[in-house]
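Pasting upload.txt here (compact mmCIF, C-alpha atoms):
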```txt
# COMPACT_ATOMS: atom_id res chain seq x y z
CA MET A 1 -30.21 -31.36 -35.92
CA ARG A 2 -28.70 -28.01 -35.12
CA ARG A 3 -25.88 -27.75 -32.60
CA SER A 4 -22.80 -25.67 -31.87
CA ALA A 5 -20.22 -25.84 -29.13
CA VAL A 6 -16.92 -24.39 -28.03
CA VAL A 7 -14.96 -27.34 -26.65
CA THR A 8 -11.64 -27.99 -24.94
CA ARG A 9 -11.44 -31.65 -26.00
CA PRO A 10 -10.30 -32.96 -29.40
CA ILE A 11 -12.89 -32.66 -32.21
CA ASP A 12 -14.05 -35.85 -33.92
CA PRO A 13 -15.13 -34.84 -37.46
CA ALA A 14 -16.59 -38.28 -38.22
CA ALA A 15 -18.91 -38.03 -35.22
CA ILE A 16 -20.09 -34.60 -36.40
CA VAL A 17 -20.79 -35.92 -39.89
CA ASN A 18 -22.84 -38.72 -38.37
CA GLU A 19 -24.89 -36.20 -36.40
CA VAL A 20 -26.11 -34.44 -39.55
CA ARG A 21 -26.46 -37.50 -41.81
CA SER A 22 -29.91 -38.72 -42.66
CA SER A 23 -31.51 -40.62 -45.53
CA GLU A 24 -33.52 -37.50 -46.37
CA PHE A 25 -30.31 -35.66 -47.36
CA GLY A 26 -28.31 -36.36 -50.50
CA ALA A 27 -25.38 -34.15 -49.54
CA VAL A 28 -23.18 -33.71 -46.50
CA SER A 29 -20.53 -30.99 -46.55
CA LEU A 30 -17.70 -31.08 -44.02
CA PHE A 31 -15.14 -28.34 -43.38
CA ILE A 32 -12.21 -28.98 -41.07
CA GLY A 33 -9.73 -26.30 -40.01
CA THR A 34 -6.38 -27.55 -38.73
CA VAL A 35 -3.32 -25.98 -37.13
CA ARG A 36 -0.80 -25.06 -39.85
CA ASP A 37 2.98 -25.10 -39.38
CA SER A 38 3.60 -21.64 -40.84
CA ASN A 39 2.07 -18.16 -40.88
CA ASP A 40 3.32 -14.91 -42.34
CA GLY A 41 6.63 -16.57 -43.17
CA ARG A 42 7.21 -17.76 -39.60
CA GLN A 43 7.48 -21.35 -38.44
CA VAL A 44 4.58 -22.09 -36.10
CA THR A 45 5.04 -24.77 -33.43
CA SER A 46 1.66 -24.58 -31.63
CA ILE A 47 -1.35 -22.30 -31.10
CA ASP A 48 -3.22 -21.39 -27.92
CA TYR A 49 -6.86 -20.65 -28.70
CA SER A 50 -8.90 -18.63 -26.22
CA ALA A 51 -12.47 -17.33 -26.24
CA TYR A 52 -14.97 -15.04 -24.57
CA MET A 53 -16.92 -18.21 -23.98
CA PRO A 54 -20.54 -17.13 -23.41
CA MET A 55 -20.44 -14.69 -26.33
CA ALA A 56 -18.61 -17.12 -28.62
CA GLU A 57 -21.35 -19.69 -28.01
CA ALA A 58 -24.11 -17.10 -28.52
CA GLU A 59 -22.47 -15.79 -31.69
CA LEU A 60 -22.09 -19.30 -33.13
CA GLU A 61 -25.80 -19.85 -32.51
CA ARG A 62 -26.70 -16.57 -34.23
CA ILE A 63 -24.53 -17.39 -37.26
CA ILE A 64 -26.06 -20.85 -37.57
CA ALA A 65 -29.57 -19.39 -37.29
CA ASN A 66 -28.63 -17.00 -40.08
CA ALA A 67 -27.29 -19.82 -42.26
CA THR A 68 -30.28 -22.08 -41.75
CA GLU A 69 -32.58 -19.26 -42.79
CA LYS A 70 -30.48 -18.11 -45.74
CA PHE A 71 -29.78 -21.55 -47.22
CA ASP A 72 -32.74 -23.52 -45.90
CA VAL A 73 -30.50 -26.07 -44.22
CA ALA A 74 -31.90 -27.92 -41.23
CA ALA A 75 -28.88 -29.99 -40.28
CA VAL A 76 -25.85 -28.02 -39.07
CA VAL A 77 -23.24 -28.88 -36.45
CA VAL A 78 -20.27 -26.65 -35.59
CA GLU A 79 -17.59 -27.34 -33.02
CA HIS A 80 -14.70 -24.97 -32.30
CA ARG A 81 -11.87 -26.08 -30.03
CA VAL A 82 -10.02 -23.79 -27.61
CA GLY A 83 -6.97 -24.32 -25.41
CA PRO A 84 -3.48 -25.43 -26.43
CA LEU A 85 -3.45 -27.07 -29.89
CA SER A 86 -0.59 -28.84 -31.67
CA LEU A 87 0.26 -28.84 -35.37
CA GLY A 88 -2.35 -30.73 -37.36
CA ASP A 89 -4.96 -30.62 -34.59
CA VAL A 90 -8.52 -29.87 -35.69
CA SER A 91 -9.49 -26.39 -34.47
CA ILE A 92 -12.92 -26.26 -36.11
CA ALA A 93 -15.31 -28.64 -37.81
CA ILE A 94 -18.49 -27.67 -39.64
CA ALA A 95 -20.93 -30.24 -41.03
CA VAL A 96 -23.98 -29.29 -43.08
CA ALA A 97 -26.50 -31.65 -44.65
CA HIS A 98 -29.09 -30.80 -47.28
CA GLN A 99 -31.13 -32.54 -49.94
CA HIS A 100 -28.74 -31.10 -52.54
CA ARG A 101 -25.04 -30.25 -52.66
CA ALA A 102 -25.18 -26.57 -53.67
CA PRO A 103 -26.92 -25.26 -50.52
CA ALA A 104 -24.82 -27.56 -48.31
CA LEU A 105 -21.57 -26.22 -49.80
CA ALA A 106 -22.76 -22.59 -49.80
CA ALA A 107 -23.90 -22.78 -46.19
CA THR A 108 -20.58 -24.31 -45.13
CA ASN A 109 -18.65 -21.50 -46.81
CA PHE A 110 -20.95 -18.87 -45.27
CA LEU A 111 -20.48 -20.38 -41.81
CA ILE A 112 -16.68 -20.47 -41.85
CA GLU A 113 -16.39 -16.96 -43.29
CA ARG A 114 -18.77 -15.51 -40.68
CA ILE A 115 -17.18 -17.43 -37.84
CA LYS A 116 -13.75 -16.07 -38.74
CA THR A 117 -14.89 -12.44 -38.50
CA GLN A 118 -17.63 -12.53 -35.84
CA VAL A 119 -16.90 -15.09 -33.13
CA PRO A 120 -14.74 -13.81 -30.25
CA ILE A 121 -11.98 -16.40 -30.40
CA TRP A 122 -8.27 -15.57 -30.49
CA LYS A 123 -5.05 -17.31 -31.45
CA LEU A 124 -1.71 -16.93 -29.71
CA GLU A 125 0.85 -18.44 -32.09
CA HIS A 126 4.08 -19.89 -30.79
CA TYR A 127 7.05 -19.88 -33.14
CA ALA A 128 10.17 -22.00 -33.56
CA ASP A 129 12.36 -19.08 -32.43
CA GLY A 130 10.64 -19.08 -29.01
CA GLU A 131 8.56 -15.94 -29.65
CA ALA A 132 4.76 -15.77 -29.53
CA ALA A 133 2.25 -13.35 -31.09
CA TRP A 134 -1.50 -12.76 -31.21
CA VAL A 135 -2.89 -13.27 -34.68
CA ASP A 136 -4.60 -10.17 -36.08
CA PRO A 137 -6.30 -10.85 -39.44
CA THR A 138 -7.23 -7.16 -39.72
CA LYS A 139 -3.61 -6.04 -39.54
CA VAL A 140 -2.51 -4.06 -42.58
CA VAL A 141 0.92 -5.21 -43.61
CA ALA A 142 3.00 -2.29 -44.84
CA SER A 143 4.68 -3.03 -48.15
CA LEU A 144 8.21 -1.87 -48.87
CA MET B 1 -22.16 8.47 -12.17
CA SER B 2 -21.92 4.69 -12.01
CA THR B 3 -19.20 2.16 -12.74
CA VAL B 4 -19.16 -0.54 -15.36
CA THR B 5 -16.73 -3.42 -15.73
CA VAL B 6 -15.18 -3.84 -19.16
CA GLN B 7 -13.88 -7.35 -19.77
CA LEU B 8 -10.61 -7.65 -21.68
CA PHE B 9 -9.30 -10.61 -23.64
CA ALA B 10 -6.24 -11.88 -25.49
CA SER B 11 -3.91 -9.09 -26.73
CA TYR B 12 -5.90 -6.40 -24.92
CA ALA B 13 -5.73 -8.18 -21.56
CA GLU B 14 -2.00 -8.56 -22.11
CA SER B 15 -1.52 -4.91 -23.07
CA PHE B 16 -3.52 -3.52 -20.13
CA GLY B 17 -2.07 -6.10 -17.75
CA THR B 18 -5.54 -7.00 -16.46
CA SER B 19 -8.62 -8.93 -17.55
CA ALA B 20 -11.08 -6.18 -16.56
CA LEU B 21 -11.25 -2.39 -16.33
CA GLU B 22 -13.55 -0.44 -14.04
CA VAL B 23 -14.85 2.59 -15.90
CA ALA B 24 -17.05 5.38 -14.53
CA VAL B 25 -19.93 6.21 -16.86
CA SER B 26 -22.49 8.98 -16.64
CA PRO B 27 -26.07 8.53 -17.86
CA GLY B 28 -26.16 8.64 -21.64
CA THR B 29 -22.61 7.36 -22.16
CA THR B 30 -22.43 5.65 -25.54
CA VAL B 31 -20.29 2.81 -26.84
CA SER B 32 -18.12 5.24 -28.80
CA ASP B 33 -17.66 7.44 -25.69
CA LEU B 34 -16.50 4.34 -23.85
CA ILE B 35 -14.01 3.38 -26.57
CA ARG B 36 -12.66 6.95 -26.62
CA HIS B 37 -12.16 6.82 -22.85
CA ILE B 38 -10.47 3.41 -22.94
CA ARG B 39 -8.13 4.64 -25.68
CA SER B 40 -6.91 7.40 -23.36
CA LEU B 41 -5.76 4.91 -20.71
CA PRO B 42 -2.22 3.57 -20.31
CA GLY B 43 -1.85 0.24 -22.13
CA SER B 44 -4.37 1.22 -24.79
CA GLU B 45 -1.80 1.86 -27.54
CA ILE B 46 -2.83 -1.31 -29.38
CA VAL B 47 -6.56 -0.47 -29.23
CA ARG B 48 -7.46 0.98 -32.61
CA ASP B 49 -10.42 3.06 -33.80
CA SER B 50 -11.88 -0.13 -35.21
CA ALA B 51 -12.05 -1.81 -31.76
CA ARG B 52 -15.43 -3.38 -31.12
CA ILE B 53 -17.46 -3.37 -27.93
CA ALA B 54 -19.84 -6.17 -27.04
CA VAL B 55 -22.81 -5.37 -24.82
CA ASN B 56 -24.61 -8.32 -23.28
CA ARG B 57 -22.72 -10.72 -25.54
CA GLN B 58 -23.56 -9.01 -28.83
CA PHE B 59 -21.55 -6.55 -30.91
CA ALA B 60 -22.86 -3.08 -30.11
CA PHE B 61 -23.52 -0.05 -32.30
CA PRO B 62 -21.37 3.09 -31.73
CA ASP B 63 -24.34 5.17 -30.58
CA GLN B 64 -25.74 2.50 -28.25
CA ILE B 65 -26.13 3.76 -24.68
CA ILE B 66 -24.35 1.89 -21.88
CA GLU B 67 -26.60 0.87 -18.99
CA PRO B 68 -25.13 0.23 -15.53
CA ARG B 69 -25.93 -3.49 -15.45
CA ASP B 70 -24.75 -4.28 -18.98
CA GLU B 71 -22.14 -6.98 -19.52
CA ILE B 72 -19.44 -5.16 -21.46
CA ALA B 73 -16.38 -6.48 -23.27
CA LEU B 74 -13.76 -4.87 -25.48
CA ILE B 75 -13.20 -7.29 -28.34
CA PRO B 76 -9.76 -7.49 -29.98
CA PRO B 77 -9.58 -8.50 -33.67
CA VAL B 78 -10.97 -12.03 -33.73
CA ALA B 79 -9.01 -14.91 -35.23
CA GLY B 80 -11.08 -18.04 -34.89
CA GLY B 81 -11.39 -20.88 -37.34
```
Take the structure from the file and write it as structure tokens.
Amino acid sequence: MRRSAVVTRPIDPAAIVNEVRSSEFGAVSLFIGTVRDSNDGRQVTSIDYSAYMPMAEAELERIIANATEKFDVAAVVVEHRVGPLSLGDVSIAIAVAHQHRAPALAATNFLIERIKTQVPIWKLEHYADGEAAWVDPTKVVASL
Amino acid sequence: MSTVTVQLFASYAESFGTSALEVAVSPGTTVSDLIRHIRSLPGSEIVRDSARIAVNRQFAFPDQIIEPRDEIALIPPVAGG
């Protein structure tokens, strides 16, 4: 089982876990990313996620192919949600199954770190004061 | 001389006020030539040196040559997850 998707509907982490589960695997690792209520000291009220869809899907596939080769994991499912998300909503879920826990956990970590830097998906954060801003993780914050 | 369409997203689409730019390219134009040109256009103030170009849905190398039928996108800093 190897699958990835960029979706506009809510993500069901339990369903994703069930997709990778099998009696041949002794370990299932699940990562869930959710919408947090603060960022950079500002109160976040919601996030609009957008994507360059065909490339985001292709890039997810490439990252998964990389992970399966690197960690010898055969069962990987990744779903990333786009569109308007509310606080607490699941924005991403990653499930990896393996015979043993170490490769499952390592592959999960590899996947989320790569996805965050390589997949063309963007966040427009809305704040309690009515403002909105694009999140730029590469931004260098000047210190006083 | 031919024209390529450069797709824009998120903060870049907002800054340029459009979701696509038409850019004239001569044979041999590279990805870094294209970025340099885009950075000379109005609205490009937020496009930094580190901006990435995707060609045919993959991140491209700076010295990669742009072909007329390539699908090109200027990728703002990504923030998925």
> Which one of B:Pro62, B:Pro42, B:Pro68, B:Gly81 sits closest to Ala24 (chain B) if you count all atoms listed in the file?
Replying inline: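 Checking each of B:Pro62, B:Pro42, B:Pro68, B:Gly81 against Ala24 (chain B), counting all atoms listed in the file, the winner is B:Pro68.
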>> Which residues are close to region 1-7 of chain B, i.e. within 12 Å by all atoms listed in the file, leaving aside same-chain residues fewer than 4 positions away? Reply as an NGL selection string.
In response: (:A and (51-52 or 55)) or (:B and (12-13 or 16 or 18-29 or 31 or 34-35 or 37-38 or 52-57 or 66-76))
> What residues in chain A have any atom no more than 10 Å from chain B when counting only C-alpha atoms, and can you write them as a VMD selection string?
Replying inline: chain A and resid 32 to 35 49 to 59 62 79 to 82 90 to 93 112 to 124 133 to 139
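In this model, the gap between CA of Tyr127 (chain A) and CA of Asn39 (chain A) comes to 9.4 Å.
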Region 9-17 of chain B: axis-aligned bounding box, 4 Å on each side, centre and edge lengths in Å, one decimal, as lines of an AutoDock Vina configuration file:
```
center_x = -5.4
center_y = -7.7
center_z = -22.2
size_x = 15.8
size_y = 16.4
size_z = 17.0
```
> If I put a ball of radius 6 Å at (1.8, -22.1, -30.1) in the file's coordinates, which residues poke into it when counting all atoms listed in the file, written as an NGL selection string?
Replying inline: :A and (45-48 or 125-126)
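In this model, the gap between CA of Glu14 (chain B) and CA of Gly88 (chain A) comes to 26.9 Å.
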> Neighbours of Asp129 (chain A) within 10 Å (all atoms listed in the file; same-chain residues fewer than 4 positions away dropped), as a ChimeraX atom specification?
Replying inline: /A:42-45
> By how many Å are CA of Gly26 (chain A) and CA of Ala97 (chain A) apart?
Replying inline: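 For CA of Gly26 (chain A) relative to CA of Ala97 (chain A), the distance reads 7.7 Å.
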Have region 6-26 of chain B completed to N, CA and C atoms, please, and pass it along as an mmCIF file, in the coordinates of the input.
```cif
data_model
loop_
_atom_site.group_PDB
_atom_site.id
_atom_site.type_symbol
_atom_site.label_atom_id
_atom_site.label_comp_id
_atom_site.auth_asym_id
_atom_site.auth_seq_id
_atom_site.Cartn_x
_atom_site.Cartn_y
_atom_site.Cartn_z
ATOM 1 N N VAL B 6 -15.441 -3.499 -17.759
ATOM 2 C CA VAL B 6 -15.180 -3.840 -19.160
ATOM 3 C C VAL B 6 -14.232 -5.035 -19.190
ATOM 4 N N GLN B 7 -14.723 -6.164 -19.684
ATOM 5 C CA GLN B 7 -13.880 -7.350 -19.770
ATOM 6 C C GLN B 7 -12.878 -7.212 -20.920
ATOM 7 N N LEU B 8 -11.675 -7.704 -20.668
ATOM 8 C CA LEU B 8 -10.610 -7.650 -21.680
ATOM 9 C C LEU B 8 -10.144 -9.072 -21.991
ATOM 10 N N PHE B 9 -9.738 -9.284 -23.228
ATOM 11 C CA PHE B 9 -9.300 -10.610 -23.640
ATOM 12 C C PHE B 9 -8.017 -10.523 -24.472
ATOM 13 N N ALA B 10 -7.352 -11.649 -24.556
ATOM 14 C CA ALA B 10 -6.240 -11.880 -25.490
ATOM 15 C C ALA B 10 -5.237 -10.724 -25.472
ATOM 16 N N SER B 11 -4.951 -10.131 -26.653
ATOM 17 C CA SER B 11 -3.910 -9.090 -26.730
ATOM 18 C C SER B 11 -4.239 -7.884 -25.871
ATOM 19 N N TYR B 12 -5.528 -7.570 -25.728
ATOM 20 C CA TYR B 12 -5.900 -6.400 -24.920
ATOM 21 C C TYR B 12 -5.661 -6.649 -23.431
ATOM 22 N N ALA B 13 -5.984 -7.842 -22.963
ATOM 23 C CA ALA B 13 -5.730 -8.180 -21.560
ATOM 24 C C ALA B 13 -4.232 -8.109 -21.280
ATOM 25 N N GLU B 14 -3.445 -8.583 -22.255
ATOM 26 C CA GLU B 14 -2.000 -8.560 -22.110
ATOM 27 C C GLU B 14 -1.483 -7.121 -22.062
ATOM 28 N N SER B 15 -1.995 -6.284 -22.962
ATOM 29 C CA SER B 15 -1.520 -4.910 -23.070
ATOM 30 C C SER B 15 -1.883 -4.070 -21.839
ATOM 31 N N PHE B 16 -3.104 -4.265 -21.321
ATOM 32 C CA PHE B 16 -3.520 -3.520 -20.130
ATOM 33 C C PHE B 16 -3.008 -4.156 -18.842
ATOM 34 N N GLY B 17 -2.561 -5.405 -18.930
ATOM 35 C CA GLY B 17 -2.070 -6.100 -17.750
ATOM 36 C C GLY B 17 -3.181 -6.506 -16.799
ATOM 37 N N THR B 18 -4.397 -6.616 -17.295
ATOM 38 C CA THR B 18 -5.540 -7.000 -16.460
ATOM 39 C C THR B 18 -6.637 -7.591 -17.349
ATOM 40 N N SER B 19 -7.540 -8.354 -16.746
ATOM 41 C CA SER B 19 -8.620 -8.930 -17.550
ATOM 42 C C SER B 19 -9.914 -8.125 -17.434
ATOM 43 N N ALA B 20 -9.877 -7.021 -16.653
ATOM 44 C CA ALA B 20 -11.080 -6.180 -16.560
ATOM 45 C C ALA B 20 -10.714 -4.764 -16.136
ATOM 46 N N LEU B 21 -11.419 -3.804 -16.707
ATOM 47 C CA LEU B 21 -11.250 -2.390 -16.330
ATOM 48 C C LEU B 21 -12.534 -1.909 -15.679
ATOM 49 N N GLU B 22 -12.393 -1.096 -14.639
ATOM 50 C CA GLU B 22 -13.550 -0.440 -14.040
ATOM 51 C C GLU B 22 -13.623 0.967 -14.632
ATOM 52 N N VAL B 23 -14.739 1.285 -15.250
ATOM 53 C CA VAL B 23 -14.850 2.590 -15.900
ATOM 54 C C VAL B 23 -16.102 3.319 -15.386
ATOM 55 N N ALA B 24 -15.916 4.574 -14.989
ATOM 56 C CA ALA B 24 -17.050 5.380 -14.530
ATOM 57 C C ALA B 24 -17.817 5.895 -15.746
ATOM 58 N N VAL B 25 -19.121 5.712 -15.741
ATOM 59 C CA VAL B 25 -19.930 6.210 -16.860
ATOM 60 C C VAL B 25 -21.077 7.078 -16.313
ATOM 61 N N SER B 26 -21.344 8.147 -17.021
ATOM 62 C CA SER B 26 -22.490 8.980 -16.640
ATOM 63 C C SER B 26 -23.674 8.565 -17.498
#
```
